[in-house]
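Have a look at model23.tsv; it's TSV, C-alpha atoms:
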chain	number	residue	atom	x	y	z
A	23	MET	CA	1.79	7.37	16.18
A	24	ARG	CA	3.33	3.92	16.62
A	25	ILE	CA	1.53	2.74	13.51
A	26	LEU	CA	2.69	5.77	11.54
A	27	TRP	CA	6.27	5.00	12.52
A	28	LEU	CA	5.87	1.28	11.64
A	29	LEU	CA	4.43	2.06	8.22
A	30	ALA	CA	6.94	4.79	7.40
A	31	ARG	CA	9.86	2.57	8.43
A	32	ARG	CA	8.64	-0.24	6.20
A	33	ASP	CA	8.14	2.14	3.26
A	34	LEU	CA	11.62	3.56	3.71
A	35	GLY	CA	13.03	0.02	3.85
A	36	GLN	CA	11.21	-0.85	0.64
A	37	ALA	CA	12.62	2.25	-1.06
A	38	TRP	CA	16.10	1.34	0.15
A	39	HIS	CA	15.86	-2.17	-1.31
A	40	SER	CA	14.39	-1.08	-4.63
A	41	ALA	CA	16.14	1.44	-6.85
A	42	GLY	CA	13.98	4.18	-5.37
A	43	LEU	CA	16.62	6.02	-3.39
A	44	TRP	CA	19.52	6.46	-5.76
A	45	LEU	CA	17.57	6.90	-8.99
A	46	PRO	CA	16.62	10.60	-8.47
A	47	VAL	CA	20.11	11.36	-7.18
A	48	ALA	CA	21.76	9.72	-10.19
A	49	PHE	CA	19.38	11.57	-12.50
A	50	LEU	CA	20.20	14.96	-10.98
A	51	LEU	CA	23.94	14.34	-11.19
A	52	LEU	CA	23.65	13.13	-14.79
A	53	VAL	CA	21.76	16.24	-15.85
A	54	ALA	CA	24.27	18.47	-14.06
A	55	SER	CA	27.22	16.77	-15.73
A	56	LEU	CA	25.64	16.76	-19.22
A	57	TYR	CA	24.43	20.37	-19.13
A	58	PRO	CA	27.89	21.98	-19.56
A	59	PHE	CA	28.48	19.76	-22.61
A	60	ALA	CA	25.27	21.06	-24.17
A	61	VAL	CA	25.64	24.81	-23.54
A	62	GLY	CA	29.43	25.04	-23.47
A	63	PRO	CA	31.94	25.61	-20.67
A	64	ASP	CA	31.25	29.36	-20.35
A	65	ALA	CA	31.30	29.83	-16.56
A	66	ALA	CA	29.18	33.00	-16.61
A	67	LEU	CA	26.44	31.37	-18.68
A	68	LEU	CA	26.48	28.23	-16.51
A	69	ARG	CA	26.27	30.32	-13.34
A	70	GLN	CA	23.33	32.27	-14.73
A	71	THR	CA	21.27	29.29	-15.92
A	72	GLY	CA	22.54	26.40	-13.78
A	73	GLY	CA	20.27	27.00	-10.78
A	74	GLY	CA	17.12	26.90	-12.90
A	75	MET	CA	18.42	23.81	-14.67
A	76	LEU	CA	18.86	22.05	-11.32
A	77	TRP	CA	15.26	22.91	-10.41
A	78	ILE	CA	14.05	21.30	-13.64
A	79	ALA	CA	16.19	18.26	-12.88
A	80	ALA	CA	14.82	18.02	-9.32
A	81	LEU	CA	11.26	18.23	-10.61
A	82	LEU	CA	11.76	15.53	-13.23
A	83	ALA	CA	13.69	13.39	-10.73
A	84	SER	CA	10.65	13.48	-8.45
A	85	LEU	CA	8.63	11.71	-11.16
A	86	LEU	CA	11.06	8.79	-11.49
A	87	PRO	CA	9.96	6.75	-8.46
A	88	VAL	CA	6.24	7.40	-8.99
A	89	ASP	CA	5.33	3.99	-10.39
A	90	ARG	CA	6.73	2.09	-7.41
A	91	LEU	CA	5.20	4.29	-4.71
A	92	VAL	CA	1.71	2.76	-4.57
A	93	THR	CA	1.08	0.28	-7.38
A	94	PRO	CA	3.17	-2.68	-6.11
A	95	ASP	CA	1.63	-2.59	-2.62
A	96	ARG	CA	-1.82	-2.21	-4.11
A	97	ASP	CA	-1.33	-5.21	-6.38
A	98	THR	CA	0.08	-7.51	-3.71
A	99	GLY	CA	-2.71	-6.65	-1.29
A	100	VAL	CA	-0.54	-4.84	1.27
A	101	LEU	CA	-2.77	-1.76	1.24
A	102	ASP	CA	-5.88	-3.89	1.86
A	103	GLN	CA	-4.19	-5.78	4.69
A	104	ILE	CA	-3.21	-2.51	6.38
A	105	ALA	CA	-6.74	-1.14	5.97
A	106	LEU	CA	-8.16	-4.35	7.48
A	107	ARG	CA	-6.31	-3.53	10.67
A	108	GLY	CA	-8.36	-0.42	11.07
A	109	VAL	CA	-5.70	1.97	9.78
A	110	GLY	CA	-7.21	4.75	7.66
A	111	GLU	CA	-6.03	5.25	4.11
A	112	GLU	CA	-5.08	8.82	5.06
A	113	MET	CA	-2.64	7.39	7.61
A	114	ILE	CA	-1.18	5.04	4.99
A	115	VAL	CA	-0.60	7.93	2.58
A	116	LEU	CA	0.79	10.18	5.31
A	117	ALA	CA	3.30	7.51	6.36
A	118	ARG	CA	4.23	7.00	2.75
A	119	LEU	CA	4.66	10.76	2.27
A	120	ILE	CA	7.04	10.97	5.22
A	121	ALA	CA	9.04	7.96	4.01
A	122	HIS	CA	9.07	9.19	0.42
A	123	TRP	CA	10.31	12.66	1.39
A	124	LEU	CA	13.00	11.22	3.68
A	125	GLY	CA	14.21	9.03	0.84
A	126	PHE	CA	13.96	11.76	-1.76
A	127	GLY	CA	14.47	15.26	-0.31
A	128	PRO	CA	17.67	15.03	1.75
A	129	PRO	CA	19.55	12.84	-0.78
A	130	LEU	CA	18.59	15.29	-3.54
A	131	MET	CA	19.79	18.22	-1.46
A	132	ILE	CA	23.12	16.51	-0.86
A	133	ALA	CA	23.47	15.63	-4.55
A	134	THR	CA	22.82	19.29	-5.36
A	135	LEU	CA	26.19	20.24	-3.83
A	136	PRO	CA	28.41	18.41	-6.38
A	137	ALA	CA	25.91	19.31	-9.10
A	138	ALA	CA	26.22	22.99	-8.20
A	139	ALA	CA	29.99	22.70	-8.36
A	140	LEU	CA	29.75	21.23	-11.86
A	141	LEU	CA	27.63	24.22	-12.91
A	142	LYS	CA	30.01	26.75	-11.27
A	143	LEU	CA	27.32	28.20	-9.00
A	144	ASP	CA	28.54	30.64	-6.34
A	145	GLY	CA	28.02	30.23	-2.61
A	146	GLY	CA	25.03	32.54	-2.32
A	147	THR	CA	23.18	30.79	-5.13
A	148	ILE	CA	23.89	27.37	-3.62
A	149	LEU	CA	22.47	28.56	-0.31
A	150	LEU	CA	19.32	29.86	-2.01
A	151	LEU	CA	19.04	26.65	-4.01
A	152	GLU	CA	19.31	24.47	-0.91
A	153	ALA	CA	16.81	26.59	0.99
A	154	GLY	CA	14.42	26.38	-1.94
A	155	LEU	CA	14.84	22.61	-2.17
A	156	LEU	CA	14.30	22.23	1.58
A	157	VAL	CA	10.97	24.02	1.21
A	158	GLY	CA	10.11	22.62	-2.22
A	159	THR	CA	11.01	18.92	-2.04
A	160	PRO	CA	8.11	18.09	0.33
A	161	ALA	CA	5.81	19.54	-2.33
A	162	LEU	CA	7.50	17.51	-5.07
A	163	ALA	CA	7.28	14.37	-2.94
A	164	ALA	CA	3.61	15.03	-2.15
A	165	LEU	CA	2.79	15.68	-5.79
A	166	GLY	CA	4.52	12.48	-6.92
A	167	LEU	CA	2.71	10.46	-4.26
A	168	LEU	CA	-0.62	12.06	-5.11
A	169	VAL	CA	-0.44	11.18	-8.81
A	170	ALA	CA	0.85	7.72	-7.84
A	171	THR	CA	-2.30	7.06	-5.80
A	172	LEU	CA	-4.49	8.45	-8.58
A	173	THR	CA	-2.92	6.34	-11.33
A	174	ALA	CA	-2.35	3.14	-9.32
A	175	GLY	CA	-3.81	0.17	-11.14
A	176	LEU	CA	-4.12	1.92	-14.49
A	177	ARG	CA	-2.28	0.74	-17.54
A	178	SER	CA	0.80	2.81	-18.52
A	179	SER	CA	0.38	4.63	-15.24
A	180	GLY	CA	3.92	6.01	-15.42
A	181	ALA	CA	3.28	8.09	-18.53
A	182	LEU	CA	-0.08	9.23	-17.23
A	183	ALA	CA	1.48	10.23	-13.91
A	184	GLY	CA	3.91	12.48	-15.74
A	185	LEU	CA	1.14	14.14	-17.71
A	186	LEU	CA	-0.88	14.69	-14.53
A	187	ALA	CA	1.98	15.96	-12.40
A	188	LEU	CA	3.74	18.35	-14.75
A	189	PRO	CA	1.02	21.03	-15.01
A	190	LEU	CA	0.62	20.94	-11.24
A	191	ALA	CA	4.37	21.22	-10.79
A	192	VAL	CA	4.70	24.38	-12.89
A	193	PRO	CA	3.98	26.74	-9.93
A	194	LEU	CA	6.63	24.91	-7.90
A	195	LEU	CA	9.13	25.40	-10.71
A	196	ILE	CA	8.28	29.09	-11.11
A	197	PHE	CA	8.54	29.87	-7.40
A	198	GLY	CA	11.46	27.51	-6.85
A	199	ALA	CA	13.59	28.88	-9.64
A	200	GLY	CA	12.29	32.34	-8.74
A	201	THR	CA	13.97	32.15	-5.33
A	202	LEU	CA	17.36	32.23	-7.04
A	203	GLY	CA	17.07	35.71	-8.52
A	204	ASP	CA	14.85	37.17	-5.85
A	205	GLY	CA	16.31	39.23	-3.00
A	206	SER	CA	13.04	39.85	-1.20
A	207	GLY	CA	12.27	36.23	-0.27
A	208	ALA	CA	8.74	36.52	-1.65
A	209	ALA	CA	9.24	33.58	-4.03
A	210	LEU	CA	10.38	31.40	-1.15
A	211	LYS	CA	7.21	32.28	0.76
A	212	PHE	CA	5.05	31.42	-2.25
A	213	LEU	CA	6.96	28.15	-2.59
A	214	GLY	CA	6.34	27.47	1.09
A	215	ALA	CA	2.63	28.15	0.67
A	216	ALA	CA	2.39	25.82	-2.33
A	217	SER	CA	4.34	23.20	-0.41
A	218	LEU	CA	2.10	23.42	2.65
A	219	LEU	CA	-0.99	23.14	0.49
A	220	LEU	CA	0.23	20.04	-1.36
A	221	VAL	CA	1.47	18.33	1.80
A	222	ALA	CA	-1.83	19.08	3.54
A	223	ILE	CA	-4.15	17.77	0.83
A	224	THR	CA	-2.13	14.73	-0.27
A	225	PRO	CA	-3.07	12.38	2.62
A	226	PHE	CA	-6.78	13.11	2.14
A	227	ALA	CA	-6.86	13.14	-1.65
A	228	GLY	CA	-4.54	10.13	-1.86
A	229	GLY	CA	-6.53	8.24	0.74
A	230	ALA	CA	-9.74	8.87	-1.16
A	231	ALA	CA	-8.05	7.76	-4.40
A	232	ILE	CA	-6.95	4.47	-2.80
A	233	ARG	CA	-10.47	3.83	-1.47
A	234	ALA	CA	-12.07	4.64	-4.82
A	235	GLY	CA	-9.61	2.43	-6.69
A	236	ARG	CA	-10.39	-0.64	-4.63
A	237	GLU	CA	-12.12	-3.47	-6.42
B	14	MET	CA	-14.21	-8.91	26.05
B	15	THR	CA	-17.43	-8.56	24.09
B	16	GLN	CA	-18.69	-11.54	22.19
B	17	ALA	CA	-17.73	-11.57	18.55
B	18	ALA	CA	-20.52	-11.54	16.01
B	19	LEU	CA	-20.97	-11.20	12.28
B	20	ARG	CA	-24.40	-10.40	10.86
B	21	LEU	CA	-25.26	-9.95	7.22
B	22	SER	CA	-28.80	-8.95	6.43
B	23	ASP	CA	-30.27	-8.99	2.95
B	24	LEU	CA	-26.93	-8.17	1.35
B	25	ALA	CA	-26.70	-7.39	-2.34
B	26	CYS	CA	-23.46	-7.13	-4.26
B	27	LEU	CA	-23.02	-5.09	-7.44
B	28	ARG	CA	-19.75	-5.42	-9.32
B	29	GLY	CA	-18.85	-3.75	-12.59
B	30	GLY	CA	-22.45	-2.73	-13.24
B	31	ARG	CA	-23.68	-6.29	-12.81
B	32	MET	CA	-25.72	-7.55	-9.89
B	33	LEU	CA	-23.88	-10.61	-8.59
B	34	LEU	CA	-25.74	-11.58	-5.46
B	35	ARG	CA	-28.80	-10.49	-3.60
B	36	GLY	CA	-30.63	-11.50	-0.48
B	37	VAL	CA	-27.65	-12.99	1.36
B	38	SER	CA	-28.29	-13.17	5.10
B	39	LEU	CA	-26.14	-14.76	7.74
B	40	ASP	CA	-25.99	-14.64	11.51
B	41	LEU	CA	-22.83	-15.91	13.20
B	42	GLU	CA	-22.24	-15.73	16.92
B	43	ALA	CA	-19.05	-16.53	18.81
B	44	GLY	CA	-17.90	-20.02	17.89
B	45	GLY	CA	-19.94	-20.05	14.68
B	46	SER	CA	-18.63	-20.83	11.26
B	47	ALA	CA	-20.01	-20.80	7.74
B	48	LEU	CA	-18.84	-21.94	4.35
B	49	LEU	CA	-19.73	-20.11	1.15
B	50	THR	CA	-19.80	-22.35	-1.87
B	51	GLY	CA	-20.50	-21.79	-5.52
B	52	PRO	CA	-18.74	-21.81	-8.86
B	53	ASN	CA	-16.02	-19.36	-9.94
B	54	GLY	CA	-17.12	-15.80	-10.43
B	55	ILE	CA	-20.33	-16.05	-8.47
B	56	GLY	CA	-19.14	-13.43	-5.98
B	57	LYS	CA	-17.60	-15.35	-3.09
B	58	SER	CA	-14.56	-13.10	-2.88
B	59	SER	CA	-16.62	-9.95	-3.31
B	60	LEU	CA	-18.89	-11.04	-0.48
B	61	LEU	CA	-15.90	-11.62	1.79
B	62	ARG	CA	-14.46	-8.22	0.88
B	63	ILE	CA	-17.79	-6.63	1.73
B	64	CYS	CA	-17.75	-8.48	5.07
B	65	ALA	CA	-14.24	-7.14	5.68
B	66	GLY	CA	-15.40	-3.60	5.01
B	67	LEU	CA	-13.13	-3.18	1.99
B	68	LEU	CA	-16.03	-2.85	-0.43
B	69	PRO	CA	-19.37	-1.15	0.11
B	70	ALA	CA	-22.47	-3.30	-0.08
B	71	PHE	CA	-24.95	-2.29	-2.78
B	72	SER	CA	-27.76	-2.76	-0.29
B	73	GLY	CA	-28.23	-4.50	3.02
B	74	THR	CA	-26.04	-4.19	6.09
B	75	VAL	CA	-22.99	-5.81	7.58
B	76	GLU	CA	-22.64	-5.74	11.34
B	77	ARG	CA	-19.32	-6.78	12.84
B	78	ARG	CA	-18.33	-7.11	16.46
B	79	GLY	CA	-14.68	-7.88	17.00
B	80	GLY	CA	-11.57	-7.51	14.86
B	81	VAL	CA	-11.54	-8.88	11.36
B	82	THR	CA	-8.82	-10.49	9.28
B	83	LEU	CA	-8.94	-11.63	5.68
B	84	THR	CA	-6.76	-13.82	3.57
B	85	ASP	CA	-7.18	-13.99	-0.19
B	86	GLU	CA	-5.03	-14.97	-3.14
B	87	ARG	CA	-2.70	-12.00	-2.67
B	88	LEU	CA	0.41	-12.60	-0.61
B	89	ALA	CA	0.97	-9.11	0.86
B	90	LEU	CA	4.41	-10.11	2.17
B	91	ASP	CA	7.70	-8.48	1.22
B	92	ILE	CA	9.17	-11.21	-0.92
B	93	GLU	CA	12.83	-10.29	-0.38
B	94	GLN	CA	12.58	-10.54	3.40
B	95	PRO	CA	12.89	-13.71	5.47
B	96	LEU	CA	9.48	-15.17	6.28
B	97	ARG	CA	9.69	-14.47	10.01
B	98	LYS	CA	10.59	-10.82	9.44
B	99	ALA	CA	7.92	-10.33	6.76
B	100	LEU	CA	5.24	-11.75	9.05
B	101	GLY	CA	6.75	-9.81	11.95
B	102	PHE	CA	5.79	-6.53	10.30
B	103	TRP	CA	2.12	-7.55	10.35
B	104	ALA	CA	2.42	-8.90	13.89
B	105	ARG	CA	3.77	-5.54	15.08
B	106	LEU	CA	0.96	-3.75	13.23
B	107	ASP	CA	-1.49	-6.05	14.98
B	108	GLY	CA	0.22	-5.29	18.27
B	109	VAL	CA	0.88	-8.95	19.15
B	110	ASP	CA	4.10	-10.22	20.68
B	111	ASP	CA	6.71	-12.49	19.13
B	112	GLY	CA	5.43	-15.52	21.03
B	113	THR	CA	2.08	-15.29	19.28
B	114	LEU	CA	3.77	-15.18	15.91
B	115	GLU	CA	5.98	-18.16	16.79
B	116	ARG	CA	2.93	-20.15	17.83
B	117	ALA	CA	1.20	-19.23	14.56
B	118	LEU	CA	4.28	-20.34	12.59
B	119	GLU	CA	4.28	-23.58	14.54
B	120	ALA	CA	0.57	-24.12	13.90
B	121	MET	CA	1.22	-23.94	10.16
B	122	ALA	CA	4.46	-26.00	10.39
B	123	LEU	CA	6.50	-23.04	9.16
B	124	LEU	CA	9.14	-22.89	11.90
B	125	PRO	CA	11.87	-24.53	9.78
B	126	LEU	CA	11.17	-22.00	6.98
B	127	GLY	CA	11.31	-18.88	9.15
B	128	ASP	CA	14.67	-17.68	7.86
B	129	LEU	CA	13.99	-18.35	4.19
B	130	PRO	CA	13.21	-15.38	1.93
B	131	VAL	CA	9.52	-15.33	1.03
B	132	ARG	CA	10.30	-15.51	-2.69
B	133	MET	CA	11.82	-19.00	-2.21
B	134	LEU	CA	8.59	-20.42	-0.80
B	135	SER	CA	6.32	-22.68	-2.85
B	136	THR	CA	2.65	-21.95	-3.53
B	137	GLY	CA	1.46	-24.08	-0.63
B	138	GLN	CA	4.06	-22.66	1.73
B	139	ARG	CA	3.01	-19.13	0.81
B	140	LYS	CA	-0.60	-20.02	1.49
B	141	ARG	CA	0.45	-21.38	4.87
B	142	ALA	CA	2.32	-18.15	5.57
B	143	MET	CA	-0.84	-16.16	4.83
B	144	LEU	CA	-2.81	-18.43	7.16
B	145	ALA	CA	-0.15	-17.96	9.84
B	146	ARG	CA	-0.73	-14.21	9.54
B	147	VAL	CA	-4.44	-14.81	10.10
B	148	ILE	CA	-3.74	-16.96	13.16
B	149	ALA	CA	-1.25	-14.47	14.60
B	150	SER	CA	-3.53	-11.47	14.05
B	151	GLY	CA	-5.62	-12.24	17.11
B	152	ALA	CA	-8.71	-11.01	15.27
B	153	ALA	CA	-12.00	-12.65	16.24
B	154	ILE	CA	-13.50	-12.85	12.76
B	155	TRP	CA	-11.57	-14.86	10.19
B	156	LEU	CA	-12.53	-14.39	6.56
B	157	LEU	CA	-10.82	-17.08	4.51
B	158	ASP	CA	-10.99	-16.88	0.73
B	159	GLU	CA	-10.15	-20.25	-0.80
B	160	PRO	CA	-7.97	-21.23	2.18
B	161	GLY	CA	-7.41	-24.72	0.81
B	162	ASN	CA	-5.89	-23.65	-2.50
B	163	GLY	CA	-2.48	-25.17	-3.02
B	164	LEU	CA	-2.42	-26.98	0.33
B	165	ASP	CA	-1.52	-30.65	0.57
B	166	ASP	CA	-3.45	-33.07	2.82
B	167	ALA	CA	-1.19	-32.53	5.82
B	168	SER	CA	-1.52	-28.74	5.56
B	169	LEU	CA	-5.28	-29.03	5.15
B	170	GLY	CA	-5.25	-30.94	8.44
B	171	LEU	CA	-3.28	-28.11	10.07
B	172	LEU	CA	-5.80	-25.61	8.72
B	173	GLY	CA	-8.71	-27.65	10.07
B	174	ALA	CA	-7.05	-27.87	13.49
B	175	ALA	CA	-6.34	-24.12	13.56
B	176	VAL	CA	-9.94	-23.34	12.63
B	177	SER	CA	-11.30	-25.69	15.32
B	178	ARG	CA	-9.07	-24.08	17.96
B	179	HIS	CA	-10.22	-20.62	16.87
B	180	LEU	CA	-13.89	-21.60	17.08
B	181	GLU	CA	-13.39	-23.16	20.51
B	182	THR	CA	-11.98	-19.89	21.83
B	183	GLY	CA	-15.02	-17.94	20.68
B	184	GLY	CA	-13.91	-16.93	17.22
B	185	ILE	CA	-15.88	-16.77	14.00
B	186	VAL	CA	-14.86	-18.25	10.67
B	187	LEU	CA	-16.41	-17.43	7.32
B	188	ALA	CA	-14.72	-19.33	4.53
B	189	ALA	CA	-15.34	-19.35	0.80
B	190	SER	CA	-14.33	-22.28	-1.33
B	191	HIS	CA	-15.31	-23.98	-4.53
B	192	GLN	CA	-13.88	-27.25	-3.24
B	193	PRO	CA	-14.73	-29.25	-0.11
B	194	LEU	CA	-12.78	-28.21	2.99
B	195	PRO	CA	-12.13	-30.29	6.09
B	196	LEU	CA	-13.80	-27.68	8.28
B	197	ALA	CA	-16.57	-28.18	10.74
B	198	ASP	CA	-18.95	-25.58	9.40
B	199	ASP	CA	-22.30	-24.97	11.03
B	200	VAL	CA	-23.84	-23.17	8.08
B	201	ARG	CA	-23.32	-23.82	4.43
B	202	ILE	CA	-24.52	-21.21	1.97
B	203	ASP	CA	-24.68	-22.12	-1.68
B	204	LEU	CA	-24.43	-18.79	-3.44
B	205	ARG	CA	-26.08	-20.21	-6.56
B	206	ALA	CA	-29.37	-19.77	-4.71
B	207	HIS	CA	-28.57	-16.06	-4.37
B	208	ALA	CA	-27.21	-15.37	-7.84
B	209	ALA	CA	-29.09	-12.30	-8.97
B	210	GLU	CA	-29.39	-13.24	-12.62
B	211	ALA	CA	-27.92	-15.58	-15.17
B	212	GLU	CA	-24.67	-14.29	-16.67
B	213	SER	CA	-25.69	-11.79	-19.28
B	214	ALA	CA	-24.22	-12.40	-22.70
Write out the structure in this file as structure tokens.
Amino acid sequence: MRILWLLARRDLGQAWHSAGLWLPVAFLLLVASLYPFAVGPDAALLRQTGGGMLWIAALLASLLPVDRLVTPDRDTGVLDQIALRGVGEEMIVLARLIAHWLGFGPPLMIATLPAAALLKLDGGTILLLEAGLLVGTPALAALGLLVATLTAGLRSSGALAGLLALPLAVPLLIFGAGTLGDGSGAALKFLGAASLLLVAITPFAGGAAIRAGRE
Amino acid sequence: MTQAALRLSDLACLRGGRMLLRGVSLDLEAGGSALLTGPNGIGKSSLLRICAGLLPAFSGTVERRGGVTLTDERLALDIEQPLRKALGFWARLDGVDDGTLERALEAMALLPLGDLPVRMLSTGQRKRAMLARVIASGAAIWLLDEPGNGLDDASLGLLGAAVSRHLETGGIVLAASHQPLPLADDVRIDLRAHAAEAESA
């Protein structure tokens, strides 16, 4: 537990010092401020489509930090040095997942508030959107981390990571955006299930990917 | 505390579909040291990584008793942080106190550089920082990959002294180098005798 905390704190510190923390937030706000220029200032249209647009923005924002999640530490030997100390690769990935979500999920949820105002979303929609992001951002973080471990060390890993992640992210987008127009809460439950699944498999799949990629 | 030991028996190393080494055996007890020599690319680093458990051996077995630490050409320090803080992360992961880290910094003559960001350090100073991490780790088995690279004569002396101290306290040192090192090694293994085949064209 102490090791998990040590690793996660270092990873969060690294994200803070690199551009990792504000990049997704800036991206989300940029999309939200450009969208009304593209579709026009019609408040009804913005209200109807804005929530889904923010889900697309959140999904794409989750891909932005992918190339700095694993590759730099792999190249400088940090991952090997941690493994030498008897820490399992699963633990490394789990710590990284916690740090990555902390640096990605809550800031994105906060940035959603001004973004929702720009898109003229009403209070109920904002609440649904935030609830969906609370459940969905761990899945987005896990997915980004998973493809980062899989593509670490490959050339043009960033582009490949996008290609790998997007098909897997489609269910998250469907259920996530589905929560907005769904009174029954079923979409939120599906989103929660997808999120649990991704968070549960990422430490094991990512750990195996790091082991297999060692040379 | 159990006695440290490192045993390699009939180890073979396959890298990239090519057999690099075969039939490497070594038996080191507490206080024992060995030097692997051989030209570039013969598999010194791969052998050390197999000893560290980072790579699987193609055949043969590695038996380790005691903690293991490895230093290679990769820095593995956060370059924006001051040296003392960057090494402190590893010291905390190793579960050693600040005094141990300070003594390791002193052993490598790094105390005056403790507050400098790692990116400002020269090649030799970085190598010394990596060796300080090895000393501070408290691990019984030291695996040193080209520990003399980039070190000046004074630093080589510090390295030799640190290795002697470690051996006296029951540690084990396995070093790999293509150049002579001022280390008192009991066993010297020339990997050319174990090269599996001539480099295929």
Which residue, A:Val47, A:Ala231, A:Val61, A:Val157, has the smallest gap to Ser84 in chain A when you use all atoms listed in the file?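 Closest candidate: A:Val47.
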Interatomic distance (Å, one decimal) between CA of Val88 in chain A and CA of Ala170 in chain A: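 These two atoms are separated by 5.5 Å.
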Using all atoms listed in the file, I'd like every residue of chain B that has an atom within 7 Å of chain A; please write them out as an NGL selection string. :B and (65 or 81-82 or 87-89 or 106-107)
Write out as an NGL selection string which residues come within 10 Å of Arg139 in chain B when counting all atoms listed in the file, dropping same-chain ones fewer than 3 positions away. :B and (86-88 or 90 or 96 or 123 or 131-136 or 142-145 or 163-164)
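Of note, CA of Ala164 in chain A and CA of Leu143 in chain A are spaced 28.0 Å apart.
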Residues near Thr50 in chain B, cut-off 8 Å, only C-alpha atoms, skip fewer than 4 positions along chain, as a PyMOL selection string: chain B and resi 57+189-192+201-204
Separation of CA of Leu34 in chain B from CA of Pro52 in chain B in Å: 12.9 Å
Using all atoms listed in the file, which of A:Lys142, A:His122, A:Lys211, A:Arg177 sits nearest Pro87 in chain A?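 The shortest atom-to-atom distance to Pro87 in chain A comes from A:His122.
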Completed range 102-114 of chain B (N, CA and C atoms) as a PDB file, in the frame of the given file:
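Writing the result to part-v4.pdb gives the following:
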ATOM      1  N   PHE B 102       6.330  -7.872  10.549  1.00  0.00           N
ATOM      2  CA  PHE B 102       5.790  -6.530  10.300  1.00  0.00           C
ATOM      3  C   PHE B 102       4.296  -6.495  10.611  1.00  0.00           C
ATOM      4  N   TRP B 103       3.565  -7.515  10.129  1.00  0.00           N
ATOM      5  CA  TRP B 103       2.120  -7.550  10.350  1.00  0.00           C
ATOM      6  C   TRP B 103       1.812  -7.807  11.818  1.00  0.00           C
ATOM      7  N   ALA B 104       2.646  -8.628  12.467  1.00  0.00           N
ATOM      8  CA  ALA B 104       2.420  -8.900  13.890  1.00  0.00           C
ATOM      9  C   ALA B 104       2.580  -7.615  14.696  1.00  0.00           C
ATOM     10  N   ARG B 105       3.584  -6.799  14.345  1.00  0.00           N
ATOM     11  CA  ARG B 105       3.770  -5.540  15.080  1.00  0.00           C
ATOM     12  C   ARG B 105       2.603  -4.594  14.815  1.00  0.00           C
ATOM     13  N   LEU B 106       2.111  -4.600  13.559  1.00  0.00           N
ATOM     14  CA  LEU B 106       0.960  -3.750  13.230  1.00  0.00           C
ATOM     15  C   LEU B 106      -0.273  -4.202  13.998  1.00  0.00           C
ATOM     16  N   ASP B 107      -0.364  -5.524  14.209  1.00  0.00           N
ATOM     17  CA  ASP B 107      -1.490  -6.050  14.980  1.00  0.00           C
ATOM     18  C   ASP B 107      -1.283  -5.840  16.474  1.00  0.00           C
ATOM     19  N   GLY B 108      -0.059  -5.498  16.851  1.00  0.00           N
ATOM     20  CA  GLY B 108       0.220  -5.290  18.270  1.00  0.00           C
ATOM     21  C   GLY B 108       0.316  -6.576  19.064  1.00  0.00           C
ATOM     22  N   VAL B 109       0.714  -7.697  18.408  1.00  0.00           N
ATOM     23  CA  VAL B 109       0.880  -8.950  19.150  1.00  0.00           C
ATOM     24  C   VAL B 109       2.374  -9.205  19.361  1.00  0.00           C
ATOM     25  N   ASP B 110       2.687 -10.006  20.367  1.00  0.00           N
ATOM     26  CA  ASP B 110       4.100 -10.220  20.680  1.00  0.00           C
ATOM     27  C   ASP B 110       4.696 -11.339  19.815  1.00  0.00           C
ATOM     28  N   ASP B 111       6.014 -11.507  19.958  1.00  0.00           N
ATOM     29  CA  ASP B 111       6.710 -12.490  19.130  1.00  0.00           C
ATOM     30  C   ASP B 111       6.242 -13.909  19.409  1.00  0.00           C
ATOM     31  N   GLY B 112       5.880 -14.179  20.675  1.00  0.00           N
ATOM     32  CA  GLY B 112       5.430 -15.520  21.030  1.00  0.00           C
ATOM     33  C   GLY B 112       4.210 -15.940  20.235  1.00  0.00           C
ATOM     34  N   THR B 113       3.287 -14.997  20.048  1.00  0.00           N
ATOM     35  CA  THR B 113       2.080 -15.290  19.280  1.00  0.00           C
ATOM     36  C   THR B 113       2.427 -15.654  17.850  1.00  0.00           C
ATOM     37  N   LEU B 114       3.367 -14.901  17.284  1.00  0.00           N
ATOM     38  CA  LEU B 114       3.770 -15.180  15.910  1.00  0.00           C
ATOM     39  C   LEU B 114       4.445 -16.545  15.809  1.00  0.00           C
TER      40      LEU B 114
END
